[in-house]
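S.K.: Handing you a structure now.
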Amino acid sequence: MSIVDRSGSDGPVVRWRTLEWLGAGLCLFILSGAIFPLLLTGGATSVDDGSRSLLRILPLPVYAISAGLLLRHPKQLLAAVRRNLPMLLLIALPFLSVLWSVGPSVTLRRAIGLVGSMFLAYLLAIRFTPSQLLLLIVATLAPCMVLSVLLMGAVPHLGIMEDGAARGVFIHKNVLGWAAALSTVGAGIMLIDRSHGLRLFGLLALPASLACLLASKSMTGLLATTAAVGLIWFFLALGKSRGTSRLVLITVFLQFVALALLALGEFLVPLLEALGKDATLTGRVPLWHLVDAMISHKIVLGHGYAAFWTPGNGDAWRIWEAIGWQAPHSHNGYREVLLGLGLVGFLTLGVVLVRAFWQGAVLYCTRPWEGWLWLNVFVGMYLVMNLTEAIFLLQNDLFWTLFSAVILMIALRYPERTQMDPGHG
């Protein structure tokens, strides 16, 4: 499809739908962290002040493109805002936390960045269907996976880190691992969910994505992918069940998840020690103990959005000195929300998640042909990733932007579904 239509008598006409696809794809590519950060840092894994300043400029085109495309659809944007007010409150809390933040200027700057990221989330939610969004994501990430494989083979000293883990065209192995996990799951769902009509594309994207996931050695990526496989099975079974059997399936699944979390907390450290692995999860366990103490000091409102882990905060320095390294965050999304926004932010996030779980499951069970399977799987996958990484409410981040888009898309389409099929509301 050409961007410019010259068949009209009034001269060239821009095909805005094509621009929306290209603009959204470019924004996702920038947020993915592929190529640009690697070039700006000269292949270094650490970011110096000069590179950091340049990297801060990268999201600006994302804000401009998203805002420009959103301006054409004010009614749809208003509907998306109105149908998920808890999400609006969650985005407003970082601005409110400026009033009590330990670093007000940092909180304000990062809150503005968060809103800029939300422009793209709203655009994806209102202008793309679930199947279109899946295609857009995999079409953006799969070429990065292919390029990563080529770079690892052609220039191994650049595509592979010193510890032997691959980073491909990304700045770090973990970034490659997360992107590869999403691309692998997306391609896999294209293969098994015939409602998309994208099986051939999934077949082409899967090998490179899976190769990058394994080569990255990212435990977060592998854990999230494993969880996604379980979630795919659950939702496929849920869609086929009816009545009492569906209720039993949900009950058993929730009990299994609860038992798995309990077992993880009880047996993870002994298991890692038996396997000869780092029982502290690369320093995370001691960090979490110290973070929990800081959370308890300001449990209601927190220390302010994204302001705790800054050089001007003495509490952060006390933690860094105790663990012997400068942790950039809590390495746990749930703790990070409590640390920054307290119980107020944590409970607001909980409301957003519960609504999304319920509405997303109903949409999948009643209208599976619309492609709701992958959205439900991605929500669960994202929650698992936050067990070992802090990517809730993260500005200029691919995963938070996509998570927000999925939540908004579910809330936007749910009332339409209930109007068409009121017996399942």
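Going through the structure tokens in order, the chains are called A, B, and so on, while each chain numbers its residues from 1 and the ligands are numbered from 1 in the order shown.
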Go through stretch 30-160 of chain A and collect every residue that DSSP, computed from the backbone, puts in helix (DSSP H, G or I); the answer should be as a PyMOL selection string.
M.R.: chain A and resi 30-32+36-40+49-57+59-70+74-82+85-99+104-127+130-154+156-159
S.K.: Would you pick out the contacts of A:Trp233 at 12 Å or less, using only C-alpha atoms, so that residues sharing its chain but fewer than 3 positions from it are not included, and give the list as a VMD selection string?
M.R.: chain A and resid 189 192 to 193 226 to 230 236 to 240 249 253 373 to 374 376 to 377
S.K.: Given only C-alpha atoms, how would the per-residue table for stretch 167-202 of chain A near stretch 122-131 of chain A read, listing every residue at most 12 Å away with its closest atom pair and distance in Å to one decimal, sorted by chain and number, as a tab-separated table?
M.R.:
```
residue	atom	partner	partner_atom	distance
A:Gly186	CA	A:Ser131	CA	10.4
A:Ala187	CA	A:Ser131	CA	11.9
A:Ile189	CA	A:Ser131	CA	10.5
A:Met190	CA	A:Ser131	CA	9.1
A:Asp193	CA	A:Ser131	CA	10.2
A:Arg194	CA	A:Ser131	CA	10.7
A:Ser195	CA	A:Ser131	CA	8.3
A:His196	CA	A:Ser131	CA	5.8
A:Gly197	CA	A:Ser131	CA	8.9
A:Leu198	CA	A:Ser131	CA	8.9
A:Arg199	CA	A:Ser131	CA	11.9
```
S.K.: Produce a table with one row for each residue of stretch 293-388 of chain A that has an atom at most 9 Å from any atom of stretch 160-183 of chain A, each row naming the nearest atom pair and its distance in Å at one decimal; use only C-alpha atoms; arrange rows by chain and rising residue number; format as a Markdown table.
M.R.:
```
| residue | atom | partner | partner_atom | distance |
| --- | --- | --- | --- | --- |
| A:Phe378 | CA | A:Leu182 | CA | 8.2 |
| A:Met381 | CA | A:Leu182 | CA | 8.8 |
| A:Met385 | CA | A:Trp178 | CA | 8.6 |
```
S.K.: Export N, CA and C atoms of the chosen residues as an mmCIF file, in the first residue's frame?
M.R.:
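Once written, part25.cif looks like this:
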```cif
data_model
loop_
_atom_site.group_PDB
_atom_site.id
_atom_site.type_symbol
_atom_site.label_atom_id
_atom_site.label_comp_id
_atom_site.auth_asym_id
_atom_site.auth_seq_id
_atom_site.Cartn_x
_atom_site.Cartn_y
_atom_site.Cartn_z
ATOM 1 N N PHE A 378 -0.159 -12.068 27.446
ATOM 2 C CA PHE A 378 0.849 -11.039 27.654
ATOM 3 C C PHE A 378 0.713 -10.393 29.030
ATOM 4 N N MET A 381 2.244 -12.756 31.430
ATOM 5 C CA MET A 381 3.685 -12.788 31.169
ATOM 6 C C MET A 381 4.376 -11.558 31.762
ATOM 7 N N MET A 385 7.333 -11.223 34.715
ATOM 8 C CA MET A 385 8.593 -10.505 34.513
ATOM 9 C C MET A 385 8.883 -9.557 35.672
#
```
S.K.: So that I can see what lies close to A:Ser117, please list as a list in words the residues with an atom at most 7 Å from it, counting only C-alpha atoms and leaving out residues fewer than 2 positions away in the same chain.
M.R.: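 Listed by chain and then number, they are Tyr63, Gly113, Leu114, Val115, Phe119, Leu120, Ala121, Gln395, Asn396 and Thr401 of chain A.
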S.K.: Hey, what's within 7 Å of A:Ser97 if we count only C-alpha atoms and toss same-chain stuff fewer than 4 positions away? As number ranges by chain, please?
M.R.: A: 93, 101, 304-305
S.K.: Which of these, A:Pro207, A:Gly33, A:Gly159, A:Pro86, has the shortest distance to A:Ala411 once you count only C-alpha atoms?
M.R.: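 Going through A:Pro207, A:Gly33, A:Gly159, A:Pro86 one by one, the smallest distance to A:Ala411 is for A:Pro86.
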S.K.: Using only C-alpha atoms, pick whichever of A:Leu214, A:Ala92, A:Ala24, A:Cys144 has the shortest atom-to-atom distance to A:Val344.
M.R.: A:Ala92
S.K.: For A:Ala405, which residue among A:Ala356, A:Ala111, A:Leu259, A:Ala208 is the nearest when counting only C-alpha atoms?
M.R.: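 Using only C-alpha atoms, the shortest distance to A:Ala405 belongs to A:Ala356.
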S.K.: Go ahead and compute the interatomic distance for atom CA of A:Ala224 and atom CA of A:Cys27, in Å to one decimal.
M.R.: 23.7 Å
S.K.: Please provide the set of residues having any atom within 7 Å of A:Ala307, restricted to only C-alpha atoms, with same-chain residues fewer than 5 positions apart removed, written as a ChimeraX atom specification.
M.R.: /A:101-103,106-107
S.K.: Dump N, CA and C atoms for the selected residues as an mmCIF file, in the first residue's frame?
M.R.:
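Produced file result-v6.cif, reproduced below:
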```cif
data_model
loop_
_atom_site.group_PDB
_atom_site.id
_atom_site.type_symbol
_atom_site.label_atom_id
_atom_site.label_comp_id
_atom_site.auth_asym_id
_atom_site.auth_seq_id
_atom_site.Cartn_x
_atom_site.Cartn_y
_atom_site.Cartn_z
ATOM 1 N N SER A 101 7.711 13.671 47.311
ATOM 2 C CA SER A 101 8.853 12.929 46.789
ATOM 3 C C SER A 101 10.164 13.345 47.455
ATOM 4 N N VAL A 102 11.084 12.371 47.586
ATOM 5 C CA VAL A 102 12.426 12.682 48.090
ATOM 6 C C VAL A 102 13.265 13.393 47.036
ATOM 7 N N GLY A 103 12.790 13.374 45.788
ATOM 8 C CA GLY A 103 13.456 14.097 44.694
ATOM 9 C C GLY A 103 12.404 14.668 43.771
ATOM 10 N N VAL A 106 13.178 15.106 39.971
ATOM 11 C CA VAL A 106 13.326 13.828 39.278
ATOM 12 C C VAL A 106 11.960 13.201 39.039
ATOM 13 N N THR A 107 11.121 13.224 40.053
ATOM 14 C CA THR A 107 9.780 12.668 39.930
ATOM 15 C C THR A 107 8.989 13.372 38.840
#
```
S.K.: Have a look at atom CA of A:Pro94 and atom CA of A:Gly345 and let me know their distance in Å, one decimal.
M.R.: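 We find that atom CA of A:Pro94 and atom CA of A:Gly345 lie 8.9 Å from each other.
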S.K.: Please compute the atom CA of A:His303-atom CA of A:Leu339 distance, one decimal, in Å.
M.R.: 6.1 Å
S.K.: Find the residues of stretch 31-123 of chain A that sit at most 12 Å from stretch 147-150 of chain A; for each, write down the nearest two atoms and how far apart they are in Å, to one decimal. Count only C-alpha atoms. Sort by chain, then by number going up, and give it as a Markdown table.
M.R.:
```
| residue | atom | partner | partner_atom | distance |
| --- | --- | --- | --- | --- |
| A:Ala34 | CA | A:Ser148 | CA | 9.4 |
| A:Ile35 | CA | A:Leu147 | CA | 9.5 |
| A:Leu38 | CA | A:Ser148 | CA | 11.7 |
```
S.K.: Please produce a file of the residues just selected, as an mmCIF file, in the first residue's frame, where the atoms kept are C-alpha atoms.
M.R.:
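Wrote selection-v6.cif, looks like this:
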```
data_model
loop_
_atom_site.group_PDB
_atom_site.id
_atom_site.type_symbol
_atom_site.label_atom_id
_atom_site.label_comp_id
_atom_site.auth_asym_id
_atom_site.auth_seq_id
_atom_site.Cartn_x
_atom_site.Cartn_y
_atom_site.Cartn_z
ATOM 1 C CA ALA A 34 17.523 -2.101 19.498
ATOM 2 C CA ILE A 35 20.500 -0.736 17.502
ATOM 3 C CA LEU A 38 24.321 0.036 20.953
#
```
